[in-house]
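See below for the structure under consideration.
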Amino acid sequence: MTFEVVTIFPEYFESPLKVGLLGKAIERGLIKVRLHNLRDFATDKHHTVDDKPFGGGEGMLFKPEPLFRALETLKKQPPKPRIVYLSPQGRLLTHEVARELASCERLVLLCGRYEGIDERIREHFVDDEISIGDYVLFGGEAAALVLIEVLSRLIPGVVGCEDSVAKDSFADGLLKHPQYTRPRNFLGYEVPEVLLSGNHAEIERWRRRKSLEVTFERRPELLKKARLTEEDRAYLKHLKRERLRLYLALVHYPVVNKEGRKIASSFTNLDLHDLARVARTYGLKAYYLVQPLSDQRAIMEELLAFWLSGPGARHNPDRAEALKLVRLRRSLEEVLQEIREAEGQPPVMLATDARPLRPALPYEEAGRIIRSGQPTLILLGTAWGLAPEVLERADHFLAPIPGALDDYNHLSVRSAASIIVDRLLREVV
Ligand code: ADE
């Protein structure tokens with residue numbers, strides 16, 4: 001595979017192309033990297049390659065003419081190259097994109113600097129635009145090196161042991177399992193016993209499971225595209241059952257009314273049914289209704305009895321299955337104690353509030369807490385929201401569900417809860 005790098009800093013590449021497996025691959029002729037100084041394609045005596053942007057603004061841009069001449073010169077030589085421009089606006093470099101590019105015999109890597117290149121070059125003379133991540137570098141040189149390194153690993157013979165490339169993170173869509181070396185005991189931290197057993201089948205099984213665990217915890221979205229066996233799927237199912245220790249509490253006291261005064265709210269039958277169905281569908285362990293008022297509790301109990309053991313249960317057993325998750329409790333204290341006893345530790349409390357008053361924990365991070373296996377309780381308020389004394393006890397706040405067009409976000413608590421649970425477990429279900 002041949003890389004033709006167009007840059008104003010050819011010297012940038014000197015030592016990285018000499019060292020390690022990349023240096024060896026070049027020495028052995030498995031890959032070729034040719035460096036082209038963009039300034040050599042400028043025609044004025046100062047070798048000017050940049051100019052000010054039309055319309056004003058910060059910084060300089062690469063002019064089109066030197067770039068055009070460089071590309072035309074390289075295109076004249078066979079085999080026909082694919083022209084790749086490295087820029088933060090490009091498509092993200094992933095293992096799949098790397099595989100696609102590795103099938104090209106010859107790549108021209110165009111390294112931008114300053115504010116980028118004239119748009120007409122990008123639009124009419126570039127085949128592909130690649131970004132190595134959502135951040136901005138001084139220029140495309142570091143990105144070109146990353147691309148050269150990533151693609152080289154995929155070329156047969158570059159990495160001595162092909163098996164090790166096949167087992168890289170992402171090779172089959174999963175992150176890599178943890179690895180250990182000597183000593184067996186380091187500051188009291190032991191190497192997992194199975195790795196010392198000499199039982200290769202067991203070791204492979206352990207590694208595969210760890211790969212699945214690490215991917216599930218850190219990058220669950222990768223699992224959707226990963227190549228999984230039936231055994232992998234069964235293990236993931238087991239992992240979900242073991243890790244998802246999620247609870248929901250719909251609080252009727254203490255909440256606040258429109259004037260911000262502390263009240264107890266009355267109960268809504270729709271909340272009972274709809275949130276129980278959400279809880280069952282998304283694998284929650286229990287759905288608590290916190291209600292200290294005895295007349296309200298009596299209505300709730302009667303309804304639950306109808307669906308759990310009365311005519312409702314016979315008529316609609318699926319509904320009974322969902323409503324079995326409902327726990328009617330007098331106070332949040334009772335809920336917390338019950339979860340603590342069941343789980344052996346207090347839950348992480350995630351409070352929700354329709355008002356964006358507090359710094360919020362991103363849903364992705366909250367999802368990670370849940371997937372790590374910590375018991376977690378989502379607190380939802382009825383009426384005008386949870387009372388300050390409840391909010392203060394929470395470990396984190398989840399951002400309100402915003403309206404799509406403006407600030408209007410008057411969702412019912414059950415709608416908001418469904419969306420919140422889906423956002424938290426989106427990658428898991
Ligand atoms: N040039 C500057 N930032 C870059 C990035 N993130 N990826 C590729 N090229 C770049």
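FYI, nothing fancy with the structure tokens labels: chains A, B, ... in order, residues from 1 per chain, ligands from 1 as they appear.
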Using only C-alpha atoms and all ligand atoms, find each protein or nucleic acid residue lying at most 8 Å from ligand 1; present the set as an MDAnalysis selection string.
chainID A and resid 85:90 111:113 130:144
Any idea what's packed within 9 Å of Lys32 in chain A, counting only C-alpha atoms, ignoring anything in its chain fewer than 5 positions away? Could you give it as a list of chain:residue names?
A:Met1, A:Thr2, A:Phe3, A:Glu4, A:Ala25, A:Ile26, A:Glu27
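Neighbouring residues of Leu248 in chain A at 9 Å or closer, counting only C-alpha atoms and skipping chain neighbours under 2 positions away, are A:Leu246, A:Leu250, A:Leu275, A:Ala279, A:Leu284, A:Lys285, A:Ala286, A:Tyr287, A:Tyr288, A:Leu289, A:Thr376, A:Leu377, A:Ile378, A:Leu379, A:Leu380, A:Ala417.
Compared by their closest atoms to Ala387 in chain A, and using only C-alpha atoms, the residues A:Thr352, A:Gln337, A:Thr215, A:Gln179 rank with A:Thr352 nearest.
Straight-line separation from CA of Glu364 in chain A to CA of Arg423 in chain A: 8.0 Å.
Backbone DSSP assigns alpha helix (DSSP H) in range 228-260 of chain A to Glu230, Glu231, Asp232, Arg233, Ala234, Tyr235, Leu236, Lys237, His238, Leu239, Lys240, Arg241, Glu242 and Arg243 of chain A.
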Could the residues in this selection be written to a file with C-alpha atoms, as a PDB file, in the first residue's frame?
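Result went into result_10.pdb, see below:
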```pdb
ATOM      1  CA  GLU A 230     -25.330 -17.463  20.458  1.00  0.00           C
ATOM      2  CA  GLU A 231     -23.167 -17.980  23.554  1.00  0.00           C
ATOM      3  CA  ASP A 232     -22.223 -14.261  23.552  1.00  0.00           C
ATOM      4  CA  ARG A 233     -25.883 -13.294  23.359  1.00  0.00           C
ATOM      5  CA  ALA A 234     -26.782 -15.609  26.223  1.00  0.00           C
ATOM      6  CA  TYR A 235     -23.966 -14.111  28.313  1.00  0.00           C
ATOM      7  CA  LEU A 236     -25.105 -10.562  27.545  1.00  0.00           C
ATOM      8  CA  LYS A 237     -28.613 -11.455  28.626  1.00  0.00           C
ATOM      9  CA  HIS A 238     -27.212 -12.781  31.885  1.00  0.00           C
ATOM     10  CA  LEU A 239     -25.099  -9.623  32.270  1.00  0.00           C
ATOM     11  CA  LYS A 240     -28.136  -7.381  31.840  1.00  0.00           C
ATOM     12  CA  ARG A 241     -30.097  -9.328  34.414  1.00  0.00           C
ATOM     13  CA  GLU A 242     -27.204  -9.149  36.855  1.00  0.00           C
ATOM     14  CA  ARG A 243     -26.223  -5.518  36.267  1.00  0.00           C
TER      15      ARG A 243
END
```
List every residue of range 82-276 of chain A that DSSP, applied to the backbone of this structure, places in strand (DSSP E), and write the result as a ChimeraX atom specification.
/A:82-92,106-111,128-131,185-186,189-190,246-251,255-256,262-263
Selection near Glu334 in chain A, 12 Å with only C-alpha atoms, sequence-local residues under 4 positions removed, as a ChimeraX atom specification
/A:249,288-292,327-330,338-341
Residues within 12 Å of Glu123 in chain A, only C-alpha atoms, excluding chain neighbours under 4 positions, as a list in words
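That gives Pro64, Ile83, Val84, Tyr85, Ile117, Asp118, Glu119, Asp127, Asp128 and Glu129 of chain A.
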Generate a file of the selected residues that holds N, CA and C atoms, formatted as a compact mmCIF listing (two decimals), in the first residue's frame.
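So part.txt came out as:
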```
# COMPACT_ATOMS: atom_id res chain seq x y z
N PRO A 64 -6.07 27.34 -3.56
CA PRO A 64 -6.39 26.16 -4.38
C PRO A 64 -5.28 25.73 -5.35
N ILE A 83 -8.09 10.26 -3.04
CA ILE A 83 -7.62 11.50 -2.40
C ILE A 83 -8.37 11.69 -1.09
N VAL A 84 -7.62 11.66 0.00
CA VAL A 84 -8.23 11.79 1.33
C VAL A 84 -7.76 13.09 1.97
N TYR A 85 -8.71 13.90 2.39
CA TYR A 85 -8.38 15.15 3.10
C TYR A 85 -8.63 14.92 4.59
N ILE A 117 -8.68 24.37 3.97
CA ILE A 117 -8.33 24.54 2.55
C ILE A 117 -9.48 25.23 1.82
N ASP A 118 -9.19 25.77 0.64
CA ASP A 118 -10.22 26.39 -0.19
C ASP A 118 -11.29 25.32 -0.50
N GLU A 119 -12.55 25.70 -0.29
CA GLU A 119 -13.66 24.76 -0.40
C GLU A 119 -13.74 24.10 -1.78
N ASP A 127 -11.76 12.89 -2.69
CA ASP A 127 -12.70 11.75 -2.73
C ASP A 127 -13.30 11.46 -1.36
N ASP A 128 -12.53 11.76 -0.33
CA ASP A 128 -12.96 11.35 1.01
C ASP A 128 -12.39 12.34 2.03
N GLU A 129 -13.15 12.59 3.09
CA GLU A 129 -12.67 13.50 4.14
C GLU A 129 -12.76 12.73 5.45
```
As a list in words, please: the residues near Val390 in chain A (cut-off 9 Å, only C-alpha atoms, same-chain neighbours under 2 positions excluded).
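The residues satisfying every condition are Pro254, Val255, Leu332, Ala351, Leu379, Leu386, Ala387, Pro388, Glu392, Arg393 and Ala394 of chain A.
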I'd like the contact shell of range 343-345 of chain A - 10 Å cut-off, only C-alpha atoms, skipping same-chain residues fewer than 6 positions apart - returned as JSON, numbers by chain.
{"A": [245, 336, 337, 374, 375]}
Go ahead and write the residues just picked, N, CA and C atoms, as a PDB file, in the first residue's frame.
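Saved result, part_31.pdb, follows:
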```pdb
ATOM      1  N   ARG A 245     -29.927  -2.943  38.040  1.00  0.00           N
ATOM      2  CA  ARG A 245     -30.595  -2.927  39.347  1.00  0.00           C
ATOM      3  C   ARG A 245     -31.258  -1.564  39.473  1.00  0.00           C
ATOM      4  N   LEU A 336     -35.983   3.623  50.449  1.00  0.00           N
ATOM      5  CA  LEU A 336     -34.521   3.532  50.492  1.00  0.00           C
ATOM      6  C   LEU A 336     -34.064   2.355  51.346  1.00  0.00           C
ATOM      7  N   GLN A 337     -34.743   2.188  52.464  1.00  0.00           N
ATOM      8  CA  GLN A 337     -34.381   1.085  53.354  1.00  0.00           C
ATOM      9  C   GLN A 337     -34.595  -0.267  52.670  1.00  0.00           C
ATOM     10  N   GLN A 374     -24.404  -0.752  39.789  1.00  0.00           N
ATOM     11  CA  GLN A 374     -24.798  -0.109  41.050  1.00  0.00           C
ATOM     12  C   GLN A 374     -26.312   0.015  41.106  1.00  0.00           C
ATOM     13  N   PRO A 375     -26.928  -0.306  42.270  1.00  0.00           N
ATOM     14  CA  PRO A 375     -28.369  -0.093  42.358  1.00  0.00           C
ATOM     15  C   PRO A 375     -28.687   1.399  42.189  1.00  0.00           C
TER      16      PRO A 375
END
```
Nearest residue to Pro53 in chain A out of A:Gly157, A:Tyr114, A:Arg182, A:Ile203, using only C-alpha atoms?
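Of all the options, A:Tyr114 lies closest to Pro53 in chain A.
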Å distance separating CA of Phe62 in chain A from CA of Leu92 in chain A, one decimal place
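That distance, rounded to one decimal, is 22.6 Å.
The closest residue to Val214 in chain A, picked from A:Leu174, A:Val335, A:Leu195, A:Leu228 and counting only C-alpha atoms, is A:Leu174.
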Here is a test: counting only C-alpha atoms, which residue of A:Gly260, A:Pro400, A:Pro220, A:Pro347 is nearest to Glu427 in chain A?
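Looking at the shortest contact to Glu427 in chain A, the residue is A:Pro220.
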Calculated over only C-alpha atoms, which of the candidates A:Lys63, A:Gly57, A:Gly198, A:Val126 has the smallest distance to Arg82 in chain A?
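Result for the nearest residue to Arg82 in chain A: A:Val126.
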